[in-house]
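Engineer: What follows is input.cif, made up of mmCIF, C-alpha atoms (C1' of nucleotides):
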```
data_query
#
loop_
_atom_site.label_atom_id
_atom_site.label_comp_id
_atom_site.auth_asym_id
_atom_site.auth_seq_id
_atom_site.Cartn_x
_atom_site.Cartn_y
_atom_site.Cartn_z
CA MET A 433 147.22 258.80 -3.92
CA ARG A 434 145.99 261.06 -6.64
CA PHE A 435 149.60 261.56 -7.24
CA LEU A 436 150.14 258.48 -9.32
CA ARG A 437 147.00 258.93 -11.30
CA ALA A 438 147.65 262.59 -11.88
CA HIS A 439 151.07 261.80 -13.10
CA ALA A 440 149.93 259.11 -15.46
CA ALA A 441 147.45 261.45 -17.04
CA VAL A 442 149.78 264.40 -17.38
CA THR A 443 152.69 262.36 -18.60
CA ARG A 444 150.59 260.65 -21.15
CA GLU A 445 149.32 263.92 -22.48
CA LEU A 446 152.66 265.70 -22.63
CA SER A 447 154.37 262.69 -24.05
CA ALA A 448 151.81 262.27 -26.78
CA ARG A 449 152.11 265.88 -27.82
CA LEU A 450 155.87 265.81 -27.84
CA GLU A 451 155.79 262.67 -29.89
CA ALA A 452 153.31 264.08 -32.35
CA ALA A 453 155.02 267.42 -32.79
CA HIS A 454 158.66 266.38 -32.72
CA GLY A 455 159.00 262.62 -32.62
CA LEU A 456 160.47 262.81 -29.15
CA THR A 457 159.80 260.80 -26.04
CA LEU A 458 159.47 262.65 -22.80
CA SER A 459 162.68 260.91 -21.81
CA ASP A 460 164.38 262.05 -24.98
CA TYR A 461 163.33 265.56 -24.21
CA ASP A 462 164.50 265.23 -20.67
CA VAL A 463 167.94 264.19 -21.84
CA LEU A 464 168.08 267.03 -24.32
CA VAL A 465 167.28 269.49 -21.54
CA GLN A 466 170.18 268.20 -19.52
CA LEU A 467 172.60 268.35 -22.39
CA TYR A 468 171.47 271.76 -23.50
CA HIS A 469 172.22 273.27 -20.13
CA ALA A 470 175.43 271.41 -19.48
CA PRO A 471 178.85 273.02 -19.86
CA GLU A 472 180.02 272.38 -23.44
CA ARG A 473 176.61 270.87 -23.97
CA ALA A 474 178.14 267.53 -23.14
CA LEU A 475 177.74 265.07 -20.29
CA ARG A 476 178.97 261.70 -19.27
CA ARG A 477 176.43 258.99 -19.79
CA VAL A 478 176.35 258.07 -16.14
CA ASP A 479 175.57 261.60 -15.16
CA ILE A 480 172.72 261.79 -17.60
CA ALA A 481 171.37 258.57 -16.20
CA ARG A 482 171.39 259.94 -12.69
CA ALA A 483 169.87 263.23 -13.73
CA VAL A 484 166.90 261.80 -15.57
CA LEU A 485 166.35 258.76 -13.38
CA LEU A 486 167.04 256.14 -15.96
CA THR A 487 169.41 253.20 -15.91
CA ALA A 488 172.77 253.35 -17.59
CA SER A 489 171.55 250.85 -20.12
CA GLY A 490 168.43 252.85 -20.74
CA ILE A 491 170.61 255.83 -21.55
CA THR A 492 172.73 253.83 -23.95
CA ARG A 493 169.68 252.83 -25.92
CA LEU A 494 168.08 256.24 -25.75
CA LEU A 495 171.23 257.95 -26.98
CA ASP A 496 171.46 255.41 -29.78
CA GLY A 497 168.31 256.93 -31.11
CA LEU A 498 169.41 260.52 -30.68
CA GLU A 499 172.72 259.73 -32.33
CA ARG A 500 171.07 258.08 -35.28
CA ALA A 501 168.98 261.19 -35.67
CA GLY A 502 172.13 263.30 -35.60
CA TRP A 503 171.22 265.32 -32.54
CA VAL A 504 173.88 263.93 -30.28
CA GLU A 505 177.37 262.67 -30.91
CA LYS A 506 179.87 260.66 -28.98
CA ARG A 507 182.99 262.30 -27.74
CA ALA A 508 185.87 260.56 -26.02
CA CYS A 509 187.37 261.70 -22.75
CA ALA A 510 191.07 262.47 -22.74
CA SER A 511 191.69 261.61 -19.13
CA ASP A 512 189.53 258.54 -18.77
CA ALA A 513 189.13 256.08 -21.57
CA ARG A 514 186.11 254.47 -20.00
CA VAL A 515 183.86 257.44 -20.34
CA SER A 516 182.31 258.67 -23.52
CA TYR A 517 180.58 262.00 -23.47
CA ALA A 518 177.30 262.59 -25.15
CA ALA A 519 177.48 265.98 -26.82
CA LEU A 520 174.64 267.93 -28.35
CA THR A 521 175.21 268.75 -32.02
CA GLU A 522 174.13 272.05 -33.51
CA ALA A 523 171.20 270.26 -35.08
CA GLY A 524 170.38 268.82 -31.71
CA ALA A 525 170.46 272.19 -30.02
CA ARG A 526 168.13 273.62 -32.62
CA LYS A 527 165.85 270.64 -32.36
CA PHE A 528 165.66 271.10 -28.65
CA GLU A 529 164.87 274.78 -28.92
CA GLN A 530 161.98 274.01 -31.19
CA ALA A 531 160.70 271.27 -28.97
CA GLN A 532 161.05 273.43 -25.92
CA ARG A 533 158.78 276.05 -27.39
CA THR A 534 155.85 273.73 -27.91
CA HIS A 535 156.52 271.75 -24.78
CA ARG A 536 156.43 274.84 -22.63
CA ALA A 537 153.22 275.87 -24.27
CA ASP A 538 151.77 272.46 -23.52
CA ILE A 539 152.76 272.73 -19.91
CA GLU A 540 151.38 276.19 -19.68
CA GLU A 541 148.14 274.93 -21.07
CA LEU A 542 147.90 272.03 -18.65
CA PHE A 543 149.13 273.73 -15.53
CA GLY A 544 148.86 277.41 -16.09
CA SER A 545 145.18 277.25 -16.68
CA ARG A 546 144.55 275.39 -13.46
CA PHE A 547 146.87 277.02 -10.99
CA SER A 548 147.77 280.51 -9.96
CA ALA A 549 151.41 281.48 -9.73
CA GLU A 550 151.30 281.04 -5.98
CA GLU A 551 149.80 277.65 -6.24
CA ARG A 552 152.42 276.59 -8.70
CA ASP A 553 155.14 277.65 -6.31
CA GLN A 554 153.43 275.81 -3.55
CA LEU A 555 153.11 272.68 -5.59
CA ALA A 556 156.72 272.89 -6.63
CA GLU A 557 157.82 273.33 -3.06
CA LEU A 558 155.85 270.37 -1.83
CA LEU A 559 157.00 268.11 -4.61
CA GLY A 560 160.53 269.28 -4.07
CA ARG A 561 160.54 267.63 -0.69
CA LEU A 562 160.23 264.20 -2.14
CA PRO A 563 163.36 262.10 -2.44
CA LEU A 564 165.02 262.81 -5.73
CA ALA A 565 168.26 262.12 -7.38
CA GLU A 566 169.48 265.64 -7.51
CA THR A 567 168.93 267.50 -10.72
CA SER A 568 171.87 269.41 -12.01
CA GLY A 569 170.64 272.90 -11.42
CA ALA A 570 169.31 275.80 -13.36
CA CYS A 571 166.67 274.53 -15.67
CA SER A 572 162.99 275.10 -15.51
CA GLY A 573 161.42 273.13 -18.24
CA MET B 428 158.55 270.42 -13.65
CA ARG B 429 159.69 268.63 -10.61
CA PHE B 430 156.49 266.84 -11.03
CA LEU B 431 157.75 264.29 -13.48
CA ARG B 432 160.93 263.65 -11.62
CA ALA B 433 159.17 263.41 -8.31
CA HIS B 434 156.81 260.93 -9.75
CA ALA B 435 159.51 258.79 -11.26
CA ALA B 436 161.31 258.58 -7.95
CA VAL B 437 158.26 257.84 -5.85
CA THR B 438 156.79 255.38 -8.27
CA ARG B 439 160.03 253.55 -8.57
CA GLU B 440 160.35 253.25 -4.84
CA LEU B 441 156.80 252.14 -4.14
CA SER B 442 156.82 249.80 -7.06
CA ALA B 443 160.05 248.17 -5.98
CA ARG B 444 158.76 247.60 -2.48
CA LEU B 445 155.48 246.19 -3.65
CA GLU B 446 157.33 243.91 -5.99
CA ALA B 447 159.73 242.76 -3.32
CA ALA B 448 157.12 242.17 -0.67
CA HIS B 449 154.28 240.74 -2.72
CA GLY B 450 155.34 240.21 -6.29
CA LEU B 451 152.93 242.87 -7.45
CA THR B 452 153.33 245.69 -9.91
CA LEU B 453 151.97 249.05 -8.94
CA SER B 454 149.49 248.56 -11.74
CA ASP B 455 148.53 245.17 -10.40
CA TYR B 456 147.92 246.73 -7.04
CA ASP B 457 145.96 249.50 -8.61
CA VAL B 458 143.67 247.02 -10.29
CA LEU B 459 143.24 245.06 -7.09
CA VAL B 460 142.20 248.25 -5.31
CA GLN B 461 139.51 248.85 -7.88
CA LEU B 462 138.20 245.33 -7.74
CA TYR B 463 138.26 245.19 -3.98
CA HIS B 464 136.02 248.20 -3.67
CA ALA B 465 133.71 247.36 -6.53
CA PRO B 466 130.23 245.96 -5.95
CA GLU B 467 130.52 242.16 -5.98
CA ARG B 468 134.24 242.73 -6.24
CA ALA B 469 133.88 242.47 -9.96
CA LEU B 470 134.27 244.91 -12.82
CA ARG B 471 134.10 244.97 -16.57
CA ARG B 472 137.49 245.08 -18.16
CA VAL B 473 136.77 248.35 -19.90
CA ASP B 474 135.88 249.98 -16.64
CA ILE B 475 139.06 248.82 -15.01
CA ALA B 476 141.01 250.19 -17.91
CA ARG B 477 139.41 253.58 -17.54
CA ALA B 478 139.85 253.62 -13.80
CA VAL B 479 143.54 252.85 -13.77
CA LEU B 480 144.50 254.68 -16.93
CA LEU B 481 145.63 251.71 -18.91
CA THR B 482 144.60 250.48 -22.33
CA ALA B 483 142.11 247.72 -22.79
CA SER B 484 144.85 245.50 -24.09
CA GLY B 485 147.06 246.38 -21.18
CA ILE B 486 144.29 245.20 -18.88
CA THR B 487 143.91 241.95 -20.75
CA ARG B 488 147.55 241.15 -20.23
CA LEU B 489 147.65 242.34 -16.68
CA LEU B 490 144.61 240.27 -15.75
CA ASP B 491 146.21 237.29 -17.43
CA GLY B 492 148.81 237.43 -14.75
CA LEU B 493 146.40 237.89 -11.89
CA GLU B 494 144.29 235.04 -13.19
CA ARG B 495 147.25 232.72 -13.46
CA ALA B 496 148.06 233.57 -9.88
CA GLY B 497 144.51 232.72 -8.91
CA TRP B 498 143.62 236.12 -7.54
CA VAL B 499 141.11 237.06 -10.19
CA GLU B 500 138.70 235.02 -12.25
CA LYS B 501 136.64 235.60 -15.32
CA ARG B 502 132.92 235.77 -15.05
CA ALA B 503 130.51 236.04 -17.93
CA CYS B 504 127.77 238.62 -18.15
CA ALA B 505 124.24 237.37 -18.55
CA SER B 506 122.90 240.35 -20.42
CA ASP B 507 125.81 241.09 -22.72
CA ALA B 508 127.92 238.32 -24.17
CA ARG B 509 130.68 240.70 -25.14
CA VAL B 510 131.71 241.61 -21.66
CA SER B 511 133.58 239.44 -19.27
CA TYR B 512 133.85 240.55 -15.70
CA ALA B 513 137.04 240.30 -13.75
CA ALA B 514 136.15 239.14 -10.25
CA LEU B 515 138.39 239.03 -7.23
CA THR B 516 138.68 235.56 -5.73
CA GLU B 517 138.86 235.04 -1.99
CA ALA B 518 142.57 234.45 -2.35
CA GLY B 519 142.81 237.68 -4.30
CA ALA B 520 140.98 239.63 -1.63
CA ARG B 521 143.29 238.29 1.03
CA LYS B 522 146.31 238.98 -1.08
CA PHE B 523 145.17 242.54 -1.54
CA GLU B 524 144.58 243.04 2.15
CA GLN B 525 148.11 241.95 2.88
CA ALA B 526 149.59 244.10 0.19
CA GLN B 527 147.56 247.07 1.29
CA ARG B 528 149.02 246.93 4.75
CA THR B 529 152.60 247.22 3.65
CA HIS B 530 151.81 249.56 0.82
CA ARG B 531 150.10 251.99 3.13
CA ALA B 532 153.02 251.82 5.47
CA ASP B 533 155.36 252.58 2.58
CA ILE B 534 153.30 255.56 1.58
CA GLU B 535 153.16 256.77 5.12
CA GLU B 536 156.89 256.54 5.28
CA LEU B 537 157.47 258.41 2.07
CA PHE B 538 154.83 261.07 2.46
CA GLY B 539 153.89 261.18 6.07
CA SER B 540 157.38 261.96 7.14
CA ARG B 541 157.67 264.87 4.80
CA PHE B 542 154.31 266.52 4.97
CA SER B 543 151.92 267.63 7.62
CA ALA B 544 148.28 266.66 7.37
CA GLU B 545 147.44 270.09 6.04
CA GLU B 546 150.10 269.92 3.43
CA ARG B 547 148.89 266.55 2.31
CA ASP B 548 145.41 267.91 1.88
CA GLN B 549 146.77 270.82 -0.03
CA LEU B 550 148.81 268.62 -2.28
CA ALA B 551 145.86 266.36 -2.88
CA GLU B 552 143.66 269.31 -3.71
CA LEU B 553 146.13 270.75 -6.17
CA LEU B 554 146.77 267.46 -7.88
CA GLY B 555 143.07 266.82 -7.97
CA ARG B 556 142.64 269.69 -10.38
CA LEU B 557 144.60 267.99 -13.06
CA PRO B 558 142.71 266.28 -15.83
CA LEU B 559 141.94 262.74 -14.83
CA ALA B 560 139.84 259.93 -15.98
CA GLU B 561 137.49 259.84 -13.07
CA THR B 562 138.24 257.35 -10.38
CA SER B 563 135.33 255.33 -9.19
CA GLY B 564 134.98 256.75 -5.78
CA ALA B 565 135.63 255.87 -2.22
CA CYS B 566 139.10 254.52 -1.97
CA SER B 567 142.10 256.11 -0.48
CA GLY B 568 145.02 253.80 -0.94
"C1'" DG C 514 205.18 245.33 -11.53
"C1'" DG C 515 200.74 242.47 -10.23
"C1'" DT C 516 196.45 241.89 -8.12
"C1'" DC C 517 191.89 243.48 -6.40
"C1'" DT C 518 188.11 246.33 -6.38
"C1'" DA C 519 185.34 250.01 -8.36
"C1'" DT C 520 183.52 252.54 -12.25
"C1'" DA C 521 181.80 253.40 -17.29
"C1'" DC C 522 179.51 251.55 -20.75
"C1'" DT C 523 177.28 247.87 -23.73
"C1'" DT C 524 174.51 243.84 -24.74
"C1'" DG C 525 171.01 239.91 -24.46
"C1'" DA C 526 166.90 238.56 -22.50
"C1'" DG C 527 162.74 239.69 -20.47
"C1'" DT C 528 158.69 242.74 -18.72
"C1'" DC C 529 155.19 246.07 -19.17
"C1'" DG C 530 152.59 248.60 -21.85
"C1'" DT C 531 151.15 250.58 -26.47
"C1'" DC C 532 148.88 250.64 -31.11
"C1'" DA C 533 146.51 248.62 -34.91
"C1'" DA C 534 143.82 245.10 -36.58
"C1'" DC C 535 140.62 241.59 -35.66
"C1'" DG C 536 136.27 238.71 -34.29
"C1'" DA C 537 132.26 238.83 -31.68
"C1'" DT C 538 128.31 240.98 -30.02
"C1'" DC C 539 124.99 244.70 -29.20
"C1'" DT C 540 122.09 248.63 -30.99
"C1'" DT C 541 119.78 251.45 -34.04
"C1'" DA C 542 117.50 252.81 -38.24
"C1'" DG C 543 115.58 251.80 -42.39
"C1'" DC D 275 114.89 241.37 -40.84
"C1'" DT D 276 119.08 243.47 -42.33
"C1'" DA D 277 122.73 246.57 -42.82
"C1'" DA D 278 125.71 250.04 -40.45
"C1'" DG D 279 127.94 251.36 -36.65
"C1'" DA D 280 129.52 251.28 -31.99
"C1'" DT D 281 131.50 248.65 -28.09
"C1'" DC D 282 134.09 244.74 -25.62
"C1'" DG D 283 137.74 241.98 -25.62
"C1'" DT D 284 141.97 239.64 -27.58
"C1'" DT D 285 146.17 239.20 -30.30
"C1'" DG D 286 150.63 240.29 -32.95
"C1'" DA D 287 154.12 243.39 -33.58
"C1'" DC D 288 156.63 246.77 -31.47
"C1'" DG D 289 158.84 250.39 -28.16
"C1'" DA D 290 160.84 251.75 -23.84
"C1'" DC D 291 162.94 250.35 -20.05
"C1'" DT D 292 165.09 247.03 -16.63
"C1'" DC D 293 168.25 243.53 -14.81
"C1'" DA D 294 172.17 240.61 -15.07
"C1'" DA D 295 176.27 239.71 -17.14
"C1'" DG D 296 180.24 241.01 -19.73
"C1'" DT D 297 184.20 244.10 -21.42
"C1'" DA D 298 187.36 247.67 -20.73
"C1'" DT D 299 189.59 250.94 -18.03
"C1'" DA D 300 191.05 253.22 -13.66
"C1'" DG D 301 192.94 253.45 -9.06
"C1'" DA D 302 194.81 251.57 -4.70
"C1'" DC D 303 197.51 248.65 -2.18
"C1'" DC D 304 201.16 245.00 -1.72
#
```
Take the structure from the file and write it as structure tokens.
Structural biologist:
Amino acid sequence: MRFLRAHAAVTRELSARLEAAHGLTLSDYDVLVQLYHAPERALRRVDIARAVLLTASGITRLLDGLERAGWVEKRACASDARVSYAALTEAGARKFEQAQRTHRADIEELFGSRFSAEERDQLAELLGRLPLAETSGACSG
Amino acid sequence: MRFLRAHAAVTRELSARLEAAHGLTLSDYDVLVQLYHAPERALRRVDIARAVLLTASGITRLLDGLERAGWVEKRACASDARVSYAALTEAGARKFEQAQRTHRADIEELFGSRFSAEERDQLAELLGRLPLAETSGACSG
DNA sequence: GGTCTATACTTGAGTCGTCAACGATCTTAG
DNA sequence: CTAAGATCGTTGACGACTCAAGTATAGACC
């Protein structure tokens, strides 16, 4: 049961820093991660939703913000008129790279200082057993 | 970094069940836990806020709900007119006991099935190292 | 073709929690 | 006693997200 409390504390901290340094929510960042590592740096909105554990409507509103900021743009799909891709712009990619630098440092500060490499692996393994919507692969932070 | 995702999934699940079975938020439950184990089953609002990692104003609004439901009542403080205690009513205590039963079962289902006792201890120990507002002691769920 | 169901996305309303500003009270120091 | 400052609690305005409902498109089956 420390789990929930631990999360709240960590989330709060990381989120605050991300907000302060880059004007990004943790969710915003999360979406940027997904897009950055996606083929063409574009994803269908539904897929983003599943990946970051938000609702479709949540994604709509979140992307609204990223679009207004010019970091993401809409792109139609040739074969299916229902779907609209969210594609990272160049500005968006650069923004993400910046944010990633400080965010990783923040994580390192919070976790690295408290756990050895082994322990981190262990923690990751244990948490990995929990039921998750599957994440789309090769990204670490 | 699975941490955040793992949390989102677990929280969502537990929260949904608690909501469905008892009409309680996870935060509501969290507050009830604190009150239930407090001396006199009453706590100052500030202390609740610190214990459950919410803001003072968040607590005000949350307690509004619990008061309307009749599970918590205000109680003045003789020695300091600023503070108002939140005290669990009998109905509130019973409500909590019910909720606790199913909530513990839910947790058992989510965690117990995936981890051995040792692993749970390990996980708890690791998570315990993260920076937390201190919890007030002897409660486990 | 026409109908029926499923999927992708958006929108309006509501919930939960935050922050910033406030009034009230306590405490401390002159 | 009084002024200055800290602490407790509430409130208004807002942000992030959800759910339910709606629109538009796609696909399957007759």
Engineer: To one decimal in Å, tell me the separation between atom CA of Phe523 of chain B and atom CA of Leu459 of chain B.
Structural biologist: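 Going from atom CA of Phe523 of chain B over to atom CA of Leu459 of chain B, I get 6.4 Å.
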Engineer: In Å, rounded to a single decimal, give me how far atom CA of Ala518 of chain A is from atom CA of Ala474 of chain A.
Structural biologist: 5.4 Å
Engineer: Compile the contact shell of DA277 of chain D as a PyMOL selection string: residues with an atom at most 10 Å away, counting only C-alpha atoms (C1' of nucleotides), same-chain residues fewer than 2 positions apart removed.
Structural biologist: (chain C and resi 542-543) or (chain D and resi 275+279)
Engineer: Any chance you could work out the residue set of the PyMOL selection byres ((chain D) within 10 of (chain B)) here, as a PyMOL selection string?
Structural biologist: chain D and resi 281-285
Engineer: Taking all atoms listed in the file into account, find every residue of chain C that has an atom no more than 8 Å from chain A, and write it out as a list of chain:residue names.
Structural biologist: C:DA521, C:DC522, C:DT523
Engineer: In Å, with one decimal, what is the gap from atom C1' of DG301 of chain D to atom CA of Lys506 of chain A?
Structural biologist: 24.9 Å
Engineer: For Glu540 of chain A, work out the shell of residues within 12 Å, counting all atoms listed in the file and skipping chain neighbours fewer than 5 positions away, then give it as a short mmCIF file (atom, residue, chain, number, x, y, z; two decimals) with C-alpha atoms, in the frame of the given file.
Structural biologist:
```
data_model
loop_
_atom_site.label_atom_id
_atom_site.label_comp_id
_atom_site.auth_asym_id
_atom_site.auth_seq_id
_atom_site.Cartn_x
_atom_site.Cartn_y
_atom_site.Cartn_z
CA LEU A 446 152.66 265.70 -22.63
CA GLN A 532 161.05 273.43 -25.92
CA ARG A 533 158.78 276.05 -27.39
CA THR A 534 155.85 273.73 -27.91
CA HIS A 535 156.52 271.75 -24.78
CA SER A 545 145.18 277.25 -16.68
CA ARG A 546 144.55 275.39 -13.46
CA PHE A 547 146.87 277.02 -10.99
CA SER A 548 147.77 280.51 -9.96
CA ALA A 549 151.41 281.48 -9.73
CA ARG A 552 152.42 276.59 -8.70
CA GLY A 573 161.42 273.13 -18.24
CA MET B 428 158.55 270.42 -13.65
#
```
Engineer: Written as a PyMOL selection string, which residues does the PyMOL selection byres ((chain A) within 12 of (chain B)) give for the file shown?
Structural biologist: chain A and resi 433-447+458-459+462+465+482-487+535-536+539-548+550-567+569+571-573
Engineer: Under the PyMOL selection byres ((chain C and resi 540) around 8), which residues of this model are included? Write them out as number ranges by chain.
Structural biologist: C: 539, 541; D: 280
Engineer: Would you mind exporting the chosen residues as a compact mmCIF listing (two decimals), in the frame of the given file, restricted to C-alpha atoms (C1' of nucleotides)?
Structural biologist:
```
# COMPACT_ATOMS: atom_id res chain seq x y z
C1' DC C 539 124.99 244.70 -29.20
C1' DT C 541 119.78 251.45 -34.04
C1' DA D 280 129.52 251.28 -31.99
```
Engineer: Would you fill out segment 508-532 of chain B with N, CA and C atoms and return it as a CSV table (one decimal), in the frame of the given file?
Structural biologist:
```csv
chain,number,residue,atom,x,y,z
B,508,ALA,N,126.9,239.4,-24.0
B,508,ALA,CA,127.9,238.3,-24.2
B,508,ALA,C,129.3,238.9,-24.5
B,509,ARG,N,129.4,240.2,-24.8
B,509,ARG,CA,130.7,240.7,-25.1
B,509,ARG,C,131.5,240.9,-23.9
B,510,VAL,N,130.9,241.3,-22.8
B,510,VAL,CA,131.7,241.6,-21.7
B,510,VAL,C,132.0,240.4,-20.8
B,511,SER,N,133.2,240.4,-20.3
B,511,SER,CA,133.6,239.4,-19.3
B,511,SER,C,134.1,240.2,-18.0
B,512,TYR,N,133.5,239.9,-16.9
B,512,TYR,CA,133.8,240.6,-15.7
B,512,TYR,C,135.1,240.0,-15.2
B,513,ALA,N,135.9,240.8,-14.5
B,513,ALA,CA,137.0,240.3,-13.8
B,513,ALA,C,136.6,240.4,-12.3
B,514,ALA,N,136.6,239.2,-11.6
B,514,ALA,CA,136.2,239.1,-10.2
B,514,ALA,C,137.3,238.7,-9.3
B,515,LEU,N,137.4,239.4,-8.2
B,515,LEU,CA,138.4,239.0,-7.2
B,515,LEU,C,138.0,237.7,-6.6
B,516,THR,N,138.9,236.8,-6.5
B,516,THR,CA,138.7,235.6,-5.7
B,516,THR,C,138.9,235.8,-4.2
B,517,GLU,N,138.6,234.9,-3.4
B,517,GLU,CA,138.9,235.0,-2.0
B,517,GLU,C,140.4,235.2,-1.8
B,518,ALA,N,141.1,234.4,-2.5
B,518,ALA,CA,142.6,234.4,-2.4
B,518,ALA,C,143.0,235.8,-2.8
B,519,GLY,N,142.4,236.4,-3.8
B,519,GLY,CA,142.8,237.7,-4.3
B,519,GLY,C,142.5,238.8,-3.3
B,520,ALA,N,141.4,238.6,-2.6
B,520,ALA,CA,141.0,239.6,-1.6
B,520,ALA,C,142.0,239.6,-0.5
B,521,ARG,N,142.3,238.4,-0.1
B,521,ARG,CA,143.3,238.3,1.0
B,521,ARG,C,144.7,238.8,0.6
B,522,LYS,N,145.0,238.5,-0.6
B,522,LYS,CA,146.3,239.0,-1.1
B,522,LYS,C,146.3,240.5,-1.0
B,523,PHE,N,145.2,241.1,-1.5
B,523,PHE,CA,145.2,242.5,-1.5
B,523,PHE,C,145.3,243.1,-0.1
B,524,GLU,N,144.6,242.5,0.8
B,524,GLU,CA,144.6,243.0,2.2
B,524,GLU,C,146.0,243.0,2.7
B,525,GLN,N,146.7,242.0,2.4
B,525,GLN,CA,148.1,242.0,2.9
B,525,GLN,C,148.9,243.1,2.2
B,526,ALA,N,148.8,243.1,0.9
B,526,ALA,CA,149.6,244.1,0.2
B,526,ALA,C,149.2,245.5,0.7
B,527,GLN,N,148.0,245.7,0.9
B,527,GLN,CA,147.6,247.1,1.3
B,527,GLN,C,148.3,247.5,2.6
B,528,ARG,N,148.4,246.6,3.5
B,528,ARG,CA,149.0,246.9,4.8
B,528,ARG,C,150.4,247.5,4.5
B,529,THR,N,151.2,246.7,3.8
B,529,THR,CA,152.6,247.2,3.6
B,529,THR,C,152.7,248.4,2.7
B,530,HIS,N,151.8,248.4,1.8
B,530,HIS,CA,151.8,249.6,0.8
B,530,HIS,C,151.5,250.9,1.5
B,531,ARG,N,150.5,250.8,2.4
B,531,ARG,CA,150.1,252.0,3.1
B,531,ARG,C,151.2,252.4,4.0
B,532,ALA,N,151.9,251.5,4.6
B,532,ALA,CA,153.0,251.8,5.5
B,532,ALA,C,154.1,252.5,4.6
```
